[in-house]
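Student: Below is a structure I'd like to ask you about.
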Amino acid sequence: MNILVCVKRVPDTETRVRIAEDGQSIDPSGVKYVVSPYDEFAVEAALRTKEALGEGEVAVVSLGGEDSQETLRSGLAMGADRGVLLKGEVTMDGLATAKTLAAHVEEEGPDLVLLGVKAVDDDQQQVGPMLATLLGRPCVTGVAEFEMKDGTAVCRREVEGGVEVVEVDLPAVITVTKGPFEPRYASLKGIMAAKRKPLDTKEVEVPASSLEVKALEPPPEKAEGRIVGEGPDAVPELVRLLREEAKVL
Amino acid sequence: MPTDRDDYEQLRKAVRSLCARYPEEYWRKLDRDRAYPEDFVQELTEAGFLGALIPEEYGGGGLGMGEACAILEEINRSGANAAACHAQMYTMGTLLRHGSEEQKRRWLPGIAEGRLRLQAFAVTEPDAGSDTTRISTRARRVDGGYRISGKKIFISRVEHSDLMILLARTTPLEEVEKKTRGLSAFLVDLREAGDAIRVRPVDTMMNHATTELFIDDLEVPEENLIGEEGRGFHHILSGMNAERILLASESVGDAYYFVDRATRYAGERIVFDRPIGKNQGVQFPIARAYVQARAAAAVRDEAVALYDAQEPCGPEANMCKLLASEAAWEAANAALDTFGGYGFAEEYGIERKFREARLYVVAPVSNNMVLSYVGQHVLGMPRSF
């Protein structure tokens with residue numbers, strides 16, 4: 001079985017993001033980049049599937065600039081067999097990204113396409129479902145864990161208050177969320193082997209974005225706390241404030 | 001935290017991810033019980049990190065000193081303590097550079113795989129510390145090999161090693177032309193040593209598994225002599241330069257650990273309605289420690305480049321060890337001052353790292369010995385001994 005995992009290069013979740021002077025992008029200076037964590041879950045899921053089946057191939061693909069090679073190498077160091085860099089510009093337009101990826105998927109024809117449920121930089125959750133639609137494939141989103149059974153994927157989705165089990169025919173698109181497995185770290189052998197694994201670069205035409213970022217704003221500063229009193233005496237006032245001012249009761 | 005320029009980000013990230021599985025509580029418990037980080041060392045070895053310097057043909061990573069330094073630096077920066085296993089990296093250097101092809105084929109693959117632990121380096125003696133040529137442990141030729149007797153002290157990790165490199169006199173000091181001659185290096189299989197080596201743990205201010213060895217008629221077969229008889233001092237020297245560069249990297253890692261922790265805490269801890277980091281009295285020592293750590297890392301990188309090019313690197317290896325251990329110590333103090341009383345509380349981890357970081361001002365060679373080396377051998381000043 002051939003699995004293709006789409007990975008994205010994003011600022012490290014621990015990086016303190018600053019808005020650039022244009023007010024529309026982030027200041028890239030001093031920012032470290034990582035594989036989007038949900039995409040790492042997807043790579044882990046793909047590797048586990050391959051290991052469970054004892055056969056098949058896991059390829060990683062990324063749309064982005066030269067820097068995204070590093071992202072692909074991380075996937076290769078974890079254990080993916082080969083990487084493909086689709087060299088082109090990533091925009092805010094999920095549809096443009098999905099169309100670019102779809103063209104590549106059509107070409108490779110993997111049985112299963114995996115993506116993180118969302119990229120942690122723009123949090124849009126668009127590309128997976130859009131890609132499935134463009135390909136005419138079924139899509140299961142937010143999958144914590146899945147296993148292959150008689151040529152179908154049995155997926156566990158964690159929905160509010162419970163678990164939903166969905167069986168989907170292949171070929172399919174699955175978006176992966178945090179599941180029971182931590183993504184493996186690369187062993188030294190993995191890192192060394194990754195240097196020798198094939199990593200192809202393909203120039204792609206990304207459709208023009210139909211979306212434009214007008215402004216980025218930092219979240220409002222947290223207001224200072226207020227002490228309304230101490231002990232049981234403070235309760236009535238606290239309840240009043242929660243009801244009337246915060247409107248949470 | 002500003003990013004540090006280097007080419008090993010992926011390696012560092014992998015080491016960080018591994019270390020993240022061994023949080024502060026893990027190390028605190030070991031420290032309290034004076035126990036060896038068995039799980040941590042096992043996982044680190046299995047993932048191949050400790051075999052980084054072993055050539056690929058013997059099953060290792062085939063990497064250079066730069067990568068090895070990045071690994072140890074990252075271990076210590078994460079709050080862990082590489083001292084438990086760092087010797088696996090440099091002790092092997094003596095075998096790698098001076099061992100015969102047969103010895104390398106016999107031992108290195110097991111070391112790379114983690115089946116064999118070679119992480120004890122028996123040089124120091126109660127009556128011969130930095131004055132290595134005065135060691136009195138004696139190896140006498142017998143049929144088929146050598147019989148060794150003597151005493152060693154501050155030999156770390158013996159109880160957690162299968163193999164040990166041992167330096168002994170094969171020709172008495174009085175009979176050699178140069179005092180650095182007549183010493184030989186042996187690979188001792190501790191699993192076969194039986195009663196010939198008695199190990200007595202030395203309790204120290206931190207969890208370091210160091211011991212005193214009483215060696216009594218230890219038989220070592222001929223094939224375990226490394227390199228040439230009588231040239232052992234020279235054979236272990238290259239291992240010592242490696243040791244200094246690697247340990248300097250741990251100190252750089254320690255320094256960054258303290259700077260990371262202190263910086264974060266100084267930004268979070270509110271006193272007089274503002275973060276304490278706003279006070280330059282708090283800020284400057286942390287900033288200074290960071291500057292010193294970067295400087296130490298720069299000299300360390302110089303030493304690495306020379307070592308990997310197989311060029312003489314004694315001055316750089318020694319200087320980076322001094323700079324890094326002092327940077328770590330400065331950073332440790334800055335962190336302890338920043339954390340105040342909480343720095344002394346065990347649960348914060350600062351006091352444990354503080355004790356551990358202090359070691360490298362003294363070991364593996366005292367910083368005063370480094371200065372004396374620089375004064376006499378680099379600057380050519382009159383010899384004091």
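Identifiers in the structure tokens: chain A, B, ... in order shown; residue index from 1 per chain; ligand index from 1 in order shown.
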Write down, as a list of chain:residue names, each residue of chain A that has any atom within 7 Å of an atom of chain B, counting only C-alpha atoms.
Tutor: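 Every residue of chain A that passes the 7 Å test is in A:Gly30, A:Tyr185, A:Ala186, A:Ser187, A:Leu188, A:Lys189.
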Student: Would you mind exporting the chosen residues as a PDB file, in the first residue's frame, restricted to N, CA and C atoms?
Tutor:
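Saved the output as again.pdb:
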```pdb
ATOM      1  N   GLY A  30      14.588  35.449  13.373  1.00  0.00           N
ATOM      2  CA  GLY A  30      14.673  34.722  14.639  1.00  0.00           C
ATOM      3  C   GLY A  30      13.624  33.635  14.816  1.00  0.00           C
ATOM      4  N   TYR A 185      10.850  10.123  17.530  1.00  0.00           N
ATOM      5  CA  TYR A 185      11.944  11.034  17.183  1.00  0.00           C
ATOM      6  C   TYR A 185      12.853  10.288  16.221  1.00  0.00           C
ATOM      7  N   ALA A 186      13.623  11.045  15.472  1.00  0.00           N
ATOM      8  CA  ALA A 186      14.527  10.416  14.515  1.00  0.00           C
ATOM      9  C   ALA A 186      15.713   9.830  15.255  1.00  0.00           C
ATOM     10  N   SER A 187      16.065   8.592  14.967  1.00  0.00           N
ATOM     11  CA  SER A 187      17.286   8.025  15.546  1.00  0.00           C
ATOM     12  C   SER A 187      18.462   8.534  14.719  1.00  0.00           C
ATOM     13  N   LEU A 188      19.663   8.329  15.242  1.00  0.00           N
ATOM     14  CA  LEU A 188      20.840   8.782  14.498  1.00  0.00           C
ATOM     15  C   LEU A 188      20.914   8.075  13.146  1.00  0.00           C
ATOM     16  N   LYS A 189      20.577   6.790  13.164  1.00  0.00           N
ATOM     17  CA  LYS A 189      20.580   6.038  11.902  1.00  0.00           C
ATOM     18  C   LYS A 189      19.551   6.611  10.944  1.00  0.00           C
TER      19      LYS A 189
END
```
Student: Tell me, as a tab-separated table (two decimals) with N, CA and C atoms, in the first residue's frame, which residues lie within 12 Å of Asp150 in chain A, counting only C-alpha atoms; anything in the same chain fewer than 4 positions away does not count.
Tutor:
```
chain	number	residue	atom	x	y	z
A	53	LEU	N	1.39	-3.47	8.27
A	53	LEU	CA	1.13	-4.26	7.06
A	53	LEU	C	2.38	-5.03	6.61
A	154	VAL	N	-10.24	1.64	8.97
A	154	VAL	CA	-11.20	1.80	10.07
A	154	VAL	C	-10.66	2.92	10.97
A	167	GLU	N	-15.63	3.56	8.82
A	167	GLU	CA	-14.87	2.72	7.91
A	167	GLU	C	-14.92	3.38	6.54
A	168	VAL	N	-13.79	3.49	5.89
A	168	VAL	CA	-13.77	4.19	4.60
A	168	VAL	C	-13.03	3.34	3.56
A	169	ASP	N	-13.59	3.31	2.35
A	169	ASP	CA	-12.94	2.59	1.26
A	169	ASP	C	-11.75	3.38	0.75
A	170	LEU	N	-10.79	2.66	0.24
A	170	LEU	CA	-9.65	3.34	-0.39
A	170	LEU	C	-9.91	3.41	-1.90
```
Student: Using only C-alpha atoms, which of A:Leu63, A:Cys155, A:Val84, A:Leu4 sits nearest Ala96 in chain A?
Tutor: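 Closest residue, counting only C-alpha atoms: A:Leu63.
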Student: Based on the backbone DSSP call, show me all residues of range 189-384 of chain B assigned strand (DSSP E), as a short mmCIF file (atom, residue, chain, number, x, y, z; two decimals) with N, CA, C and O atoms, in the first residue's frame.
Tutor:
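selection12.cif written:
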```cif
data_model
loop_
_atom_site.label_atom_id
_atom_site.label_comp_id
_atom_site.auth_asym_id
_atom_site.auth_seq_id
_atom_site.Cartn_x
_atom_site.Cartn_y
_atom_site.Cartn_z
N ASP B 189 38.41 -6.27 29.99
CA ASP B 189 37.05 -6.79 29.96
C ASP B 189 36.59 -6.99 31.40
O ASP B 189 36.98 -7.95 32.06
N ILE B 197 39.63 -7.19 40.27
CA ILE B 197 39.35 -5.76 40.44
C ILE B 197 38.27 -5.62 41.50
O ILE B 197 37.18 -6.16 41.36
N ARG B 198 38.60 -4.92 42.58
CA ARG B 198 37.57 -4.61 43.58
C ARG B 198 37.16 -3.16 43.39
O ARG B 198 38.01 -2.28 43.22
N VAL B 199 35.86 -2.93 43.39
CA VAL B 199 35.33 -1.59 43.09
C VAL B 199 34.71 -1.02 44.36
O VAL B 199 33.83 -1.63 44.96
N ARG B 200 35.17 0.15 44.77
CA ARG B 200 34.57 0.79 45.94
C ARG B 200 33.99 2.15 45.53
O ARG B 200 34.72 3.03 45.10
N PRO B 201 32.66 2.28 45.61
CA PRO B 201 32.05 3.56 45.22
C PRO B 201 32.55 4.72 46.07
O PRO B 201 32.79 4.54 47.27
N VAL B 202 32.75 5.87 45.46
CA VAL B 202 33.11 7.09 46.20
C VAL B 202 31.88 7.98 46.20
O VAL B 202 31.42 8.39 45.13
N THR B 210 31.03 7.39 40.67
CA THR B 210 32.47 7.30 40.54
C THR B 210 33.01 6.34 41.61
O THR B 210 32.37 6.10 42.62
N THR B 211 34.18 5.76 41.34
CA THR B 211 34.66 4.68 42.20
C THR B 211 36.17 4.69 42.39
O THR B 211 36.90 5.36 41.65
N GLU B 212 36.59 3.89 43.37
CA GLU B 212 38.00 3.62 43.57
C GLU B 212 38.22 2.16 43.17
O GLU B 212 37.37 1.31 43.45
N LEU B 213 39.33 1.87 42.50
CA LEU B 213 39.58 0.50 42.05
C LEU B 213 40.83 -0.05 42.71
O LEU B 213 41.87 0.62 42.75
N PHE B 214 40.70 -1.27 43.20
CA PHE B 214 41.87 -1.98 43.72
C PHE B 214 42.15 -3.14 42.79
O PHE B 214 41.32 -4.04 42.65
N ILE B 215 43.27 -3.06 42.09
CA ILE B 215 43.57 -4.06 41.07
C ILE B 215 44.66 -4.99 41.58
O ILE B 215 45.74 -4.53 41.97
N ASP B 216 44.35 -6.27 41.59
CA ASP B 216 45.27 -7.23 42.20
C ASP B 216 45.47 -8.42 41.26
O ASP B 216 44.57 -9.22 41.08
N ASP B 217 46.63 -8.47 40.64
CA ASP B 217 46.94 -9.57 39.72
C ASP B 217 45.88 -9.79 38.65
O ASP B 217 45.42 -10.90 38.43
N LEU B 218 45.52 -8.72 38.00
CA LEU B 218 44.55 -8.81 36.90
C LEU B 218 45.28 -9.31 35.65
O LEU B 218 46.27 -8.72 35.23
N GLU B 219 44.78 -10.40 35.09
CA GLU B 219 45.41 -10.95 33.87
C GLU B 219 44.74 -10.34 32.65
O GLU B 219 43.52 -10.40 32.50
N VAL B 220 45.55 -9.73 31.81
CA VAL B 220 45.01 -9.16 30.57
C VAL B 220 45.73 -9.82 29.38
O VAL B 220 46.96 -9.78 29.33
N PRO B 221 44.98 -10.44 28.48
CA PRO B 221 45.66 -11.11 27.37
C PRO B 221 46.38 -10.13 26.45
O PRO B 221 45.98 -8.96 26.33
N LEU B 225 46.22 -5.35 24.52
CA LEU B 225 47.10 -4.17 24.56
C LEU B 225 46.71 -3.29 23.37
O LEU B 225 46.62 -3.77 22.24
N ILE B 226 46.47 -2.01 23.65
CA ILE B 226 46.10 -1.11 22.54
C ILE B 226 47.34 -0.37 22.07
O ILE B 226 48.05 0.24 22.86
N ILE B 270 6.73 37.78 39.18
CA ILE B 270 6.35 39.16 39.42
C ILE B 270 6.64 39.53 40.87
O ILE B 270 6.17 38.88 41.80
N VAL B 271 7.44 40.56 41.07
CA VAL B 271 7.68 41.10 42.40
C VAL B 271 7.59 42.63 42.26
O VAL B 271 8.08 43.17 41.27
N ARG B 274 6.02 43.85 38.85
CA ARG B 274 6.67 43.77 37.54
C ARG B 274 7.57 42.55 37.51
O ARG B 274 8.02 42.07 38.55
N PRO B 275 7.82 42.04 36.31
CA PRO B 275 8.69 40.86 36.24
C PRO B 275 10.09 41.21 36.74
O PRO B 275 10.60 42.30 36.43
#
```
Student: Please report the interatomic distance between CA of Val365 in chain B and CA of Arg300 in chain B in Å with one decimal.
Tutor: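 So the two atoms, CA of Val365 in chain B and CA of Arg300 in chain B, lie 16.1 Å apart.
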